[in-house]
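Data first, discussion second: the structure below is written as C-alpha cells.
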Amino acid sequence: MHAMARAVHDRLPFLASPEPALAPPAPAERRRNPSLSEMLSLVSAATVDPAGTDDDGSVFSLPMPQSAPAGVGDNNAGGEAPGRTIQFRLAFTDLTYSVRRARHGGDGGGGGLCLPVQRRSDRVTAAPDAHAPRTKALLAGVSGEAKEGEILAVMGASGSGKSTLIDALANRISRDALKGSVTLNGEPLTGNILKSMSAYVMQDDLLFPMLTVTETLSFAADFRLPRSLCAAKKRARVHALIDQLGLRAAANTIIGDEGHRGVSGGERRRVSIGTDIIHDPILLFLDEPTSGLDSTSAFMVVKVLRRIAESGSIVITSIHQPSQRILGLLDRLILLSGGHTVFSGAPSALPTYFAEFGFPVPDDENRAEFALDLIRELEASPTGTKPLADFHRTWKLMHAARDDAAAWAPTMSLKEAISASISRGKLVSGADVSSGEAASMHTYANPFWVEMKVLTKRSAINTRRMPELFLIRLGAVVVTGAILATVFFKLDQSPKGAQERLGFFAFAMSTMFYTCADALPVFLQERYVFLRETAYGAYRHVSYVLSNAIVSFPPLVVLSLAFALTTFFAVGLAGGASGFAFYTLAILASFWAGSGFVTFLSGVIPHVMIGYTVVVAILAYFLLFSGFFINRDRIPAYWLWFHYLSLVKYPFEGVLQNEFARGGECFVRGAQIFDNSPLGALPEAVKERVLASISSALGVGIGADTCVATGRSVLRQAAVTQLGKWECLLVTAAWGFFFRILFYFSLVLGSKNKRR
C-alpha cells in the first residue's frame, strides 16, 4: 500500500506538494500515509452496528447491511441473506452523453437541456482554450451495476452528472443521444418493459395539497394496481405501505402547502416515494430524495429505501452529501466529477481507496465529506480530477480478478425473472403469471374509464377542500354582474338604448373569458402532477383531459347562473323565460370555451406570469376583432381571418340575435331618427317639420310613433347577419371542445420526459 502511495506521489508530484492557494488549511494530515492501527480503526469505523443505529424502536428499525471487506470487488455489499437467490442484475457500460455548450445557463450536471459555460468545478481535464469543443460530456464512459436487494447511490458535487446518470438509467434520455448499454439480466431494457417494472421519484414533491396521506396513496393504488385486484387487497397494500414508510401517525393528515398546514418535509418526501412504489416496482430510481431535509429526516428516508431494497427491489438514487450513518445503509457508491467516474464500489472501500491514492481519510472525518472536499480541491487544480479518474481505472483493473470471481450471472431470462418476481408479490399484479410477461405486465393497469373515474374523484375532493378558489371566481363574477346591472339598469328601447345594449353585451361576453384566466395557476399545478404520474404509465393522457373537463364543468354552470340572474332582469333584456335560458347558455358556452382556451395554454406555457401575459393579450385581440369596435364589413381584408377566429365574436353575436331578432320591438320611432346625429340638437318643432318634409319627399307617412328601425335593423347595422343564435352557440361550445383536443396533443407532445 505504501509502495502504491509512493508511486502515485512520484507520478503526480503536484498531489504530494500542492500549492498553498489550491490546498485546504493544514494539508499535512491529509498527505500523511496512515499507520496500521489507523487503517484498522478506519475499517472498524466502516462497520455498521445494527444495534446502535436506531435506539428508538420505531418503524424505521431495519436490518442493516453487513459490512464487507474494504474493496471494490465486493459484490455482496448489501449483506445478501444466505440461501436467497438474486434474480435481477442491472448493468450499465460506458454510458456517454454530450450536449452542446450554451453561452448562458444553469446546472450542467443533470438538471436540464440548458448547459452553462464551463465552471472550474466542472473541469476534469486542463483548462480549455479557445479551440475547446462545442459539446460537453455530461457522462463520459460511466459503468457500474446494481443487484436486487441493493442501494446504488450516485454522489458528486453540483454539476457532476448525478441526475444525468439517473435519467440515463431510467430511460429519460433519448437512446439516439445516449451511447453505451443498459441491461437487466443481460438483456436490453425497452421503454415499455422499463415503464411497467420501474418507478422514478422526482426531486420535487408534486402532490395534491388537500388530500390526506391515506387518500394520496389510495388514489395511487387505484392508478397503478390492476382492476382485477379487489378493493380490500388494494386497501391492504396501502396500509402496508403506510407502515413501511413510517407514516402511520400522519395517515389522516393532509399533505398541505404554503397556505394549509400539513405533514412535515420528511413525511412529504416519503409520501412522494410511496405514490411511485405503490405497485412494488423492481427498479426504483430517485433524484436526490434527501435534498432539503434535515439529517434525521434524510436518514429516515434512506432507511425506507433500505427496506424497499430488501423487499426485492433495485434502488438507484442520487445523493448529495450523505451522513456517516446514511453511508452505512448504502451497498454501492459511484462518485462522479464532471461526468467521469472517480470512485465506484462499496462505501466501506472509501478509506482504503483514498489511502492508496495518497490521501487517507482522517479518523474523525465523514468519508463522504472528505471525498467531496478532495474532489473540489482537485477540480480547482491545473489538471482537474483527471489523475483521480485515471487512478480509479487502474484501481479497478487491480481488483478485476476479485470482481470476476464474485461476478453473478443470471440463471433465468428476464421474462422468467419477472414472472418469478410477480409470483412472490412484486409489481402487485393481478394477472395470470403463467401467461408470461405480456399478460402480467401492462402499459396501463386499468381501462381509461376507470382512470377517468378515479381522476375525477380525486380532483373533486381536492377542489372541494379548497372552496376559496371557487368563491373568489364566484365573487368576481357577481361583483362584475352587479356593476354592469347598475350601470346599464333598465335600458329603454331607443337608439341610445340599442347602442348601450351593444356595449353591455360586448363587455359581458369578454368578462366570461377574462374570468377564466384566474384558473391558470390551478391548471399549471395539476400539470406538473400529471407529468410525474404519467412518466411511468399511471394513467392515459386522454383520461386526464376528460376528467379535467368533467370536474371543471359544474362550477361553470354555477358561475353562468349567477351572472345571468344578476344582469338579465336588472338590465331589462328581452325574451322572457326563453330569452333568459338562451342568455344563460351563451354565458355557459363562453365559460366553457374560455376554460378550454386557458387549459390549452397551461399545457403549452408552463409559467404563470408568461401564461397570464399571453392570455390577457390574446383575449384583448379577440375583443378587438369581435365586431363591436369595428363592424365586420369595415375590417380590412387582411385582418378578416382574425375576426372569424375571435372567441368573443360568436357568443357576442349570439346574444345580439337573442335580443334584437325578435319581432314586435322597435328601437327608432319618428323623430328619434335624428338621435346620434348633428340634427339631434334641433328643437322638437323643427324636428317635426323636417320629418314631415322627409315623409312628403319619400311618399311615406312618418309620424311621431312610426317605427323606423326594428331590432333586425340594428343587427344589419352591426353586420350580425351570417349566423343564427343557435349556430353561434354551437360554434362557441365547439371552440371549448377544440381547445381541449389541442390540450391533449400538447400533453402528449410535451410530456416525453426525455432529454435529446
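Letters for chains follow the order of the C-alpha cells (A, B, ...), residue numbers begin at 1 for each chain, and ligand numbers begin at 1 in the order shown.
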Within 12 Å of stretch 535-555 of chain A, which residues of stretch 260-341 of chain A come that close, and what is the closest atom pair and distance in Å for each? Count only C-alpha atoms and give it as a Markdown table.
| residue | atom | partner | partner_atom | distance |
| --- | --- | --- | --- | --- |
| A:Thr275 | CA | A:Ala538 | CA | 10.0 |
| A:Asp276 | CA | A:Tyr536 | CA | 8.8 |
| A:Ile277 | CA | A:Tyr536 | CA | 11.1 |
| A:Ile278 | CA | A:Ala538 | CA | 10.7 |
| A:His279 | CA | A:Ala538 | CA | 10.2 |
| A:Pro281 | CA | A:Tyr536 | CA | 10.9 |
| A:Leu283 | CA | A:Tyr536 | CA | 11.7 |
| A:Leu284 | CA | A:Tyr536 | CA | 11.2 |
| A:Phe285 | CA | A:Tyr536 | CA | 11.4 |
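Secondary structure of stretch 204-354 of chain A, strand (DSSP E or B) only (DSSP, backbone atoms): Thr212, Ile254, Asp257, His260, Leu283, Leu284, Phe285, Leu286, Ile314, Val315, Ile316, Thr317, Ser318, Ile319, Arg332, Leu333, Ile334, Leu335, Leu336, Ser337, His340, Thr341, Val342, Phe343, Ser344 and Gly345 of chain A.
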Would you save the residues of that selection, restricted to N, CA and C atoms, as an mmCIF file, in the first residue's frame?
data_model
loop_
_atom_site.group_PDB
_atom_site.id
_atom_site.type_symbol
_atom_site.label_atom_id
_atom_site.label_comp_id
_atom_site.auth_asym_id
_atom_site.auth_seq_id
_atom_site.Cartn_x
_atom_site.Cartn_y
_atom_site.Cartn_z
ATOM 1 N N THR A 212 -55.308 13.705 2.118
ATOM 2 C CA THR A 212 -54.570 13.133 3.234
ATOM 3 C C THR A 212 -53.546 12.125 2.708
ATOM 4 N N ILE A 254 -53.524 16.000 6.060
ATOM 5 C CA ILE A 254 -53.427 16.432 4.668
ATOM 6 C C ILE A 254 -51.966 16.721 4.320
ATOM 7 N N ASP A 257 -49.801 22.804 1.990
ATOM 8 C CA ASP A 257 -48.992 23.668 1.139
ATOM 9 C C ASP A 257 -48.695 24.942 1.896
ATOM 10 N N HIS A 260 -51.830 25.931 3.866
ATOM 11 C CA HIS A 260 -52.507 24.917 4.684
ATOM 12 C C HIS A 260 -51.454 24.057 5.369
ATOM 13 N N LEU A 283 -37.479 -1.932 -10.163
ATOM 14 C CA LEU A 283 -36.454 -0.896 -10.255
ATOM 15 C C LEU A 283 -37.016 0.406 -9.713
ATOM 16 N N LEU A 284 -36.279 1.047 -8.830
ATOM 17 C CA LEU A 284 -36.698 2.324 -8.262
ATOM 18 C C LEU A 284 -35.573 3.337 -8.445
ATOM 19 N N PHE A 285 -35.875 4.422 -9.167
ATOM 20 C CA PHE A 285 -34.919 5.500 -9.394
ATOM 21 C C PHE A 285 -35.372 6.723 -8.612
ATOM 22 N N LEU A 286 -34.434 7.385 -7.951
ATOM 23 C CA LEU A 286 -34.756 8.570 -7.160
ATOM 24 C C LEU A 286 -33.725 9.651 -7.430
ATOM 25 N N ILE A 314 -34.326 -3.125 -6.804
ATOM 26 C CA ILE A 314 -33.043 -2.470 -7.048
ATOM 27 C C ILE A 314 -33.279 -0.979 -6.906
ATOM 28 N N VAL A 315 -32.633 -0.339 -5.959
ATOM 29 C CA VAL A 315 -32.812 1.078 -5.679
ATOM 30 C C VAL A 315 -31.581 1.832 -6.169
ATOM 31 N N ILE A 316 -31.798 2.795 -7.042
ATOM 32 C CA ILE A 316 -30.715 3.618 -7.578
ATOM 33 C C ILE A 316 -31.078 5.072 -7.323
ATOM 34 N N THR A 317 -30.237 5.772 -6.599
ATOM 35 C CA THR A 317 -30.557 7.133 -6.192
ATOM 36 C C THR A 317 -29.329 8.017 -6.292
ATOM 37 N N SER A 318 -29.568 9.286 -6.566
ATOM 38 C CA SER A 318 -28.504 10.276 -6.449
ATOM 39 C C SER A 318 -28.592 10.898 -5.064
ATOM 40 N N ILE A 319 -27.463 11.248 -4.536
ATOM 41 C CA ILE A 319 -27.415 11.795 -3.178
ATOM 42 C C ILE A 319 -26.286 12.809 -3.124
ATOM 43 N N ARG A 332 -23.645 0.199 -2.699
ATOM 44 C CA ARG A 332 -22.681 0.594 -3.726
ATOM 45 C C ARG A 332 -22.709 2.102 -3.866
ATOM 46 N N LEU A 333 -21.564 2.647 -4.230
ATOM 47 C CA LEU A 333 -21.427 4.089 -4.347
ATOM 48 C C LEU A 333 -20.625 4.413 -5.599
ATOM 49 N N ILE A 334 -21.124 5.384 -6.366
ATOM 50 C CA ILE A 334 -20.402 5.899 -7.528
ATOM 51 C C ILE A 334 -20.160 7.379 -7.296
ATOM 52 N N LEU A 335 -18.905 7.783 -7.364
ATOM 53 C CA LEU A 335 -18.535 9.186 -7.242
ATOM 54 C C LEU A 335 -18.249 9.735 -8.634
ATOM 55 N N LEU A 336 -18.898 10.857 -8.976
ATOM 56 C CA LEU A 336 -18.719 11.477 -10.282
ATOM 57 C C LEU A 336 -18.091 12.851 -10.138
ATOM 58 N N SER A 337 -17.354 13.225 -11.150
ATOM 59 C CA SER A 337 -16.790 14.573 -11.246
ATOM 60 C C SER A 337 -16.752 14.948 -12.715
ATOM 61 N N HIS A 340 -17.213 12.075 -15.159
ATOM 62 C CA HIS A 340 -16.267 10.963 -15.102
ATOM 63 C C HIS A 340 -16.389 10.245 -13.759
ATOM 64 N N THR A 341 -16.183 8.950 -13.767
ATOM 65 C CA THR A 341 -16.195 8.166 -12.538
ATOM 66 C C THR A 341 -14.854 8.297 -11.842
ATOM 67 N N VAL A 342 -14.877 8.728 -10.579
ATOM 68 C CA VAL A 342 -13.649 8.822 -9.799
ATOM 69 C C VAL A 342 -13.636 7.817 -8.655
ATOM 70 N N PHE A 343 -14.744 7.121 -8.446
ATOM 71 C CA PHE A 343 -14.788 6.012 -7.488
ATOM 72 C C PHE A 343 -16.051 5.216 -7.754
ATOM 73 N N SER A 344 -15.944 3.899 -7.646
ATOM 74 C CA SER A 344 -17.118 3.029 -7.700
ATOM 75 C C SER A 344 -16.810 1.787 -6.881
ATOM 76 N N GLY A 345 -17.716 1.478 -6.004
ATOM 77 C CA GLY A 345 -17.519 0.322 -5.144
ATOM 78 C C GLY A 345 -18.338 0.457 -3.882
#
Which residues come within 8 Å of stretch 171-184 of chain A, counting only C-alpha atoms, excluding same-chain residues fewer than 5 positions away, as a PyMOL selection string? chain A and resi 88-98+141+189+191+194+414+753-756
Any chance you can output those residues with C-alpha atoms as an mmCIF file, in the first residue's frame?
data_model
loop_
_atom_site.group_PDB
_atom_site.id
_atom_site.type_symbol
_atom_site.label_atom_id
_atom_site.label_comp_id
_atom_site.auth_asym_id
_atom_site.auth_seq_id
_atom_site.Cartn_x
_atom_site.Cartn_y
_atom_site.Cartn_z
ATOM 1 C CA PHE A 88 -32.128 -9.266 -11.149
ATOM 2 C CA ARG A 89 -28.902 -7.516 -12.032
ATOM 3 C CA LEU A 90 -28.866 -4.103 -13.692
ATOM 4 C CA ALA A 91 -25.633 -3.336 -15.521
ATOM 5 C CA PHE A 92 -24.601 -0.247 -17.456
ATOM 6 C CA THR A 93 -21.458 0.053 -19.537
ATOM 7 C CA ASP A 94 -19.668 3.086 -21.000
ATOM 8 C CA LEU A 95 -22.609 5.465 -20.735
ATOM 9 C CA THR A 96 -21.724 8.669 -22.575
ATOM 10 C CA TYR A 97 -23.961 11.672 -23.096
ATOM 11 C CA SER A 98 -22.960 15.047 -24.505
ATOM 12 C CA GLY A 141 -17.851 6.306 -20.081
ATOM 13 C CA LEU A 189 -34.310 -2.724 -21.442
ATOM 14 C CA GLY A 191 -39.174 1.527 -22.928
ATOM 15 C CA LEU A 194 -38.937 -0.444 -18.068
ATOM 16 C CA LEU A 414 -35.604 -11.549 -17.948
ATOM 17 C CA ASN A 753 -39.713 13.396 -20.101
ATOM 18 C CA LYS A 754 -36.630 12.710 -22.166
ATOM 19 C CA ARG A 755 -33.551 14.720 -22.939
ATOM 20 C CA ARG A 756 -32.377 14.981 -26.500
#
From a backbone DSSP assignment, name each residue in stretch 197-299 of chain A labelled alpha helix (DSSP H), as a count of residues only. 45
Just the residues within 12 Å of A:Leu656, please, counting only C-alpha atoms, with nothing from its chain fewer than 6 positions along; format it as an MDAnalysis selection string. chainID A and resid 498:506 508:509 573:575 579 582:583 586 627:628 649:650 662 711:721 723:726 728:729
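Closest approach to A:Pro495 among A:Glu727, A:Arg237, A:Lys162, A:Ala709: A:Ala709, based on only C-alpha atoms.
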Expressed in Å to a single decimal, how great is the separation between atom CA of A:Val571 and atom CA of A:Ala476?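 Value for the atom CA of A:Val571-atom CA of A:Ala476 distance: 18.6 Å.
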So which residues touch stretch 516-532 of chain A within 10 Å, counting only C-alpha atoms, skipping near sequence neighbours fewer than 5 positions away, as a compact mmCIF listing (two decimals) with N, CA, C and O atoms, in the first residue's frame?
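After the write, part_23.txt holds the following:
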# COMPACT_ATOMS: atom_id res chain seq x y z
N TYR A 200 -39.94 6.23 -10.97
CA TYR A 200 -38.98 7.34 -10.91
C TYR A 200 -39.54 8.38 -9.96
O TYR A 200 -40.63 8.91 -10.18
N VAL A 201 -38.81 8.68 -8.91
CA VAL A 201 -39.23 9.66 -7.92
C VAL A 201 -38.45 10.95 -8.17
O VAL A 201 -37.23 10.98 -8.04
N MET A 202 -39.18 12.00 -8.55
CA MET A 202 -38.53 13.27 -8.83
C MET A 202 -38.09 13.95 -7.55
O MET A 202 -38.51 13.60 -6.44
N ASP A 204 -38.72 17.07 -6.69
CA ASP A 204 -39.79 17.89 -6.14
C ASP A 204 -40.95 17.01 -5.71
O ASP A 204 -41.30 16.03 -6.38
N ASP A 205 -41.58 17.37 -4.59
CA ASP A 205 -42.72 16.63 -4.08
C ASP A 205 -43.99 17.20 -4.70
O ASP A 205 -44.55 18.18 -4.19
N LEU A 206 -44.43 16.63 -5.80
CA LEU A 206 -45.59 17.12 -6.53
C LEU A 206 -46.80 16.30 -6.12
O LEU A 206 -47.05 15.21 -6.62
N LEU A 207 -47.57 16.85 -5.18
CA LEU A 207 -48.72 16.14 -4.62
C LEU A 207 -49.89 17.10 -4.51
O LEU A 207 -49.72 18.33 -4.49
N PHE A 208 -51.09 16.55 -4.43
CA PHE A 208 -52.27 17.38 -4.21
C PHE A 208 -52.31 17.80 -2.74
O PHE A 208 -52.34 16.95 -1.84
N ASP A 276 -45.07 6.38 -5.89
CA ASP A 276 -44.41 5.76 -7.03
C ASP A 276 -44.04 4.30 -6.80
O ASP A 276 -43.67 3.62 -7.76
N SER A 459 -59.77 14.88 -8.15
CA SER A 459 -59.82 16.32 -8.39
C SER A 459 -61.00 16.97 -7.68
O SER A 459 -60.88 18.09 -7.17
N THR A 463 -60.59 19.89 -4.95
CA THR A 463 -61.24 21.18 -5.22
C THR A 463 -62.22 21.54 -4.12
O THR A 463 -62.31 22.69 -3.70
N LEU A 469 -60.90 29.09 -3.82
CA LEU A 469 -60.61 29.33 -5.23
C LEU A 469 -61.89 29.57 -6.03
O LEU A 469 -61.99 30.51 -6.82
N PHE A 470 -62.90 28.73 -5.80
CA PHE A 470 -64.17 28.91 -6.50
C PHE A 470 -64.90 30.14 -5.99
O PHE A 470 -65.52 30.88 -6.78
N ILE A 472 -63.69 32.89 -4.86
CA ILE A 472 -63.10 34.11 -5.43
C ILE A 472 -63.61 34.33 -6.85
O ILE A 472 -63.97 35.47 -7.23
N ARG A 473 -63.66 33.29 -7.66
CA ARG A 473 -64.19 33.42 -9.02
C ARG A 473 -65.67 33.81 -8.99
O ARG A 473 -66.11 34.66 -9.77
N ALA A 476 -65.97 37.43 -8.08
CA ALA A 476 -65.60 38.31 -9.19
C ALA A 476 -66.72 38.39 -10.21
O ALA A 476 -67.04 39.48 -10.74
N THR A 511 -66.02 39.44 -20.38
CA THR A 511 -65.78 39.16 -18.95
C THR A 511 -65.71 37.66 -18.69
O THR A 511 -64.92 37.19 -17.86
N GLY A 537 -46.53 5.62 -16.66
CA GLY A 537 -47.75 4.89 -17.02
C GLY A 537 -48.79 4.76 -15.94
O GLY A 537 -49.45 3.72 -15.87
N ALA A 538 -48.97 5.77 -15.07
CA ALA A 538 -50.02 5.68 -14.07
C ALA A 538 -51.41 5.70 -14.72
O ALA A 538 -52.32 4.99 -14.30
N TYR A 539 -51.58 6.54 -15.75
CA TYR A 539 -52.85 6.60 -16.46
C TYR A 539 -52.61 7.25 -17.83
O TYR A 539 -51.53 7.77 -18.12
N ARG A 540 -53.63 7.23 -18.67
CA ARG A 540 -53.53 7.74 -20.02
C ARG A 540 -53.73 9.26 -20.06
O ARG A 540 -54.39 9.83 -19.20
N HIS A 541 -53.21 9.86 -21.11
CA HIS A 541 -53.39 11.30 -21.29
C HIS A 541 -54.86 11.65 -21.50
O HIS A 541 -55.36 12.63 -20.95
N TYR A 544 -56.92 11.94 -18.32
CA TYR A 544 -56.73 13.19 -17.59
C TYR A 544 -57.49 14.33 -18.24
O TYR A 544 -58.11 15.15 -17.55
N ASN A 548 -60.49 16.28 -16.40
CA ASN A 548 -60.32 17.72 -16.19
C ASN A 548 -61.53 18.48 -16.68
O ASN A 548 -62.01 19.43 -16.03
N LEU A 556 -68.69 25.95 -13.68
CA LEU A 556 -69.04 26.88 -14.76
C LEU A 556 -70.55 27.09 -14.82
O LEU A 556 -71.02 28.19 -15.14
N SER A 590 -69.55 30.44 -23.25
CA SER A 590 -68.38 31.32 -23.18
C SER A 590 -67.41 30.85 -22.11
O SER A 590 -66.19 30.82 -22.32
N PHE A 591 -67.94 30.52 -20.94
CA PHE A 591 -67.08 29.98 -19.88
C PHE A 591 -66.40 28.68 -20.33
O PHE A 591 -65.22 28.45 -20.06
N TRP A 592 -67.14 27.83 -21.01
CA TRP A 592 -66.60 26.56 -21.48
C TRP A 592 -65.46 26.78 -22.48
O TRP A 592 -64.41 26.15 -22.38
N ALA A 593 -65.68 27.68 -23.44
CA ALA A 593 -64.64 27.97 -24.42
C ALA A 593 -63.44 28.64 -23.76
O ALA A 593 -62.28 28.31 -24.06
N GLY A 594 -63.70 29.60 -22.86
CA GLY A 594 -62.59 30.27 -22.17
C GLY A 594 -61.80 29.33 -21.29
O GLY A 594 -60.57 29.38 -21.24
N SER A 595 -62.51 28.42 -20.60
CA SER A 595 -61.82 27.43 -19.76
C SER A 595 -60.97 26.51 -20.61
O SER A 595 -59.83 26.18 -20.25
N GLY A 596 -61.49 26.08 -21.77
CA GLY A 596 -60.69 25.25 -22.66
C GLY A 596 -59.48 25.97 -23.20
O GLY A 596 -58.39 25.38 -23.32
N PHE A 597 -59.64 27.25 -23.51
CA PHE A 597 -58.52 28.05 -24.02
C PHE A 597 -57.42 28.17 -22.97
O PHE A 597 -56.23 27.96 -23.27
N VAL A 598 -57.80 28.47 -21.73
CA VAL A 598 -56.81 28.60 -20.66
C VAL A 598 -56.16 27.25 -20.36
O VAL A 598 -54.95 27.16 -20.10
N THR A 599 -56.96 26.18 -20.40
CA THR A 599 -56.41 24.85 -20.16
C THR A 599 -55.37 24.49 -21.21
O THR A 599 -54.31 23.94 -20.90
N PHE A 600 -55.68 24.80 -22.46
CA PHE A 600 -54.72 24.53 -23.54
C PHE A 600 -53.43 25.32 -23.33
O PHE A 600 -52.32 24.77 -23.49
N LEU A 601 -53.54 26.59 -22.97
CA LEU A 601 -52.33 27.39 -22.75
C LEU A 601 -51.52 26.85 -21.58
O LEU A 601 -50.28 26.92 -21.59
N SER A 602 -52.19 26.30 -20.56
CA SER A 602 -51.44 25.74 -19.42
C SER A 602 -50.63 24.52 -19.84
O SER A 602 -49.63 24.19 -19.21
N GLY A 603 -51.07 23.84 -20.91
CA GLY A 603 -50.30 22.71 -21.42
C GLY A 603 -49.15 23.12 -22.31
O GLY A 603 -48.24 22.34 -22.55
N VAL A 604 -49.19 24.36 -22.81
CA VAL A 604 -48.15 24.85 -23.71
C VAL A 604 -47.15 25.74 -22.99
O VAL A 604 -45.94 25.67 -23.23
N ILE A 605 -47.66 26.58 -22.08
CA ILE A 605 -46.81 27.56 -21.38
C ILE A 605 -46.76 27.17 -19.91
O ILE A 605 -47.76 27.32 -19.19
N PRO A 606 -45.64 26.68 -19.41
CA PRO A 606 -45.58 26.17 -18.04
C PRO A 606 -45.26 27.24 -16.99
O PRO A 606 -44.95 26.89 -15.86
N HIS A 607 -45.34 28.52 -17.33
CA HIS A 607 -45.00 29.58 -16.39
C HIS A 607 -46.22 30.48 -16.18
O HIS A 607 -46.86 30.91 -17.15
N VAL A 608 -46.52 30.78 -14.92
CA VAL A 608 -47.74 31.51 -14.58
C VAL A 608 -47.73 32.91 -15.18
O VAL A 608 -48.69 33.33 -15.84
N MET A 609 -46.66 33.66 -14.96
CA MET A 609 -46.63 35.04 -15.41
C MET A 609 -46.67 35.13 -16.93
O MET A 609 -47.37 35.98 -17.50
N GLY A 611 -47.97 32.91 -18.84
CA GLY A 611 -49.32 32.48 -19.20
C GLY A 611 -50.33 33.61 -19.06
O GLY A 611 -51.17 33.82 -19.95
N TYR A 612 -50.26 34.37 -17.95
CA TYR A 612 -51.16 35.50 -17.77
C TYR A 612 -50.98 36.53 -18.88
O TYR A 612 -51.95 37.06 -19.44
N VAL A 615 -52.52 35.17 -22.13
CA VAL A 615 -53.98 35.11 -22.06
C VAL A 615 -54.59 36.49 -22.21
O VAL A 615 -55.52 36.70 -23.01
N VAL A 616 -54.08 37.45 -21.45
CA VAL A 616 -54.64 38.80 -21.50
C VAL A 616 -54.47 39.41 -22.89
O VAL A 616 -55.39 40.04 -23.43
N LEU A 619 -56.85 37.59 -25.47
CA LEU A 619 -58.25 37.94 -25.24
C LEU A 619 -58.54 39.38 -25.66
O LEU A 619 -59.65 39.68 -26.14
N LEU A 747 -50.17 17.82 -24.23
CA LEU A 747 -49.68 16.94 -23.17
C LEU A 747 -48.91 15.76 -23.75
O LEU A 747 -47.88 15.35 -23.22
N GLY A 750 -45.66 17.19 -25.12
CA GLY A 750 -44.82 17.90 -24.15
C GLY A 750 -44.48 17.11 -22.91
O GLY A 750 -43.87 17.66 -21.99
N SER A 751 -44.84 15.83 -22.85
CA SER A 751 -44.58 15.04 -21.63
C SER A 751 -43.74 13.82 -21.94
O SER A 751 -43.94 12.76 -21.36
N LYS A 752 -42.80 13.95 -22.86
CA LYS A 752 -41.92 12.83 -23.18
C LYS A 752 -40.93 12.54 -22.06
O LYS A 752 -40.44 11.44 -21.92
N ASN A 753 -40.62 13.57 -21.24
CA ASN A 753 -39.71 13.40 -20.10
C ASN A 753 -38.36 12.84 -20.51
O ASN A 753 -37.73 12.06 -19.78
Distance atom CA of A:Val238-atom CA of A:Arg270, one decimal place?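 Straight-line distance from atom CA of A:Val238 to atom CA of A:Arg270 works out to 13.4 Å.
When atom CA of A:Gly274 is paired with atom CA of A:Glu468, their separation reads 29.2 Å.
The environment of A:Phe391 within 10 Å, counting only C-alpha atoms and disregarding residues fewer than 5 places along the same chain, consists of Val8, Val342, Phe343, Tyr353, Glu356, Phe357, Thr385, Lys386, Lys396 and Leu397 of chain A.
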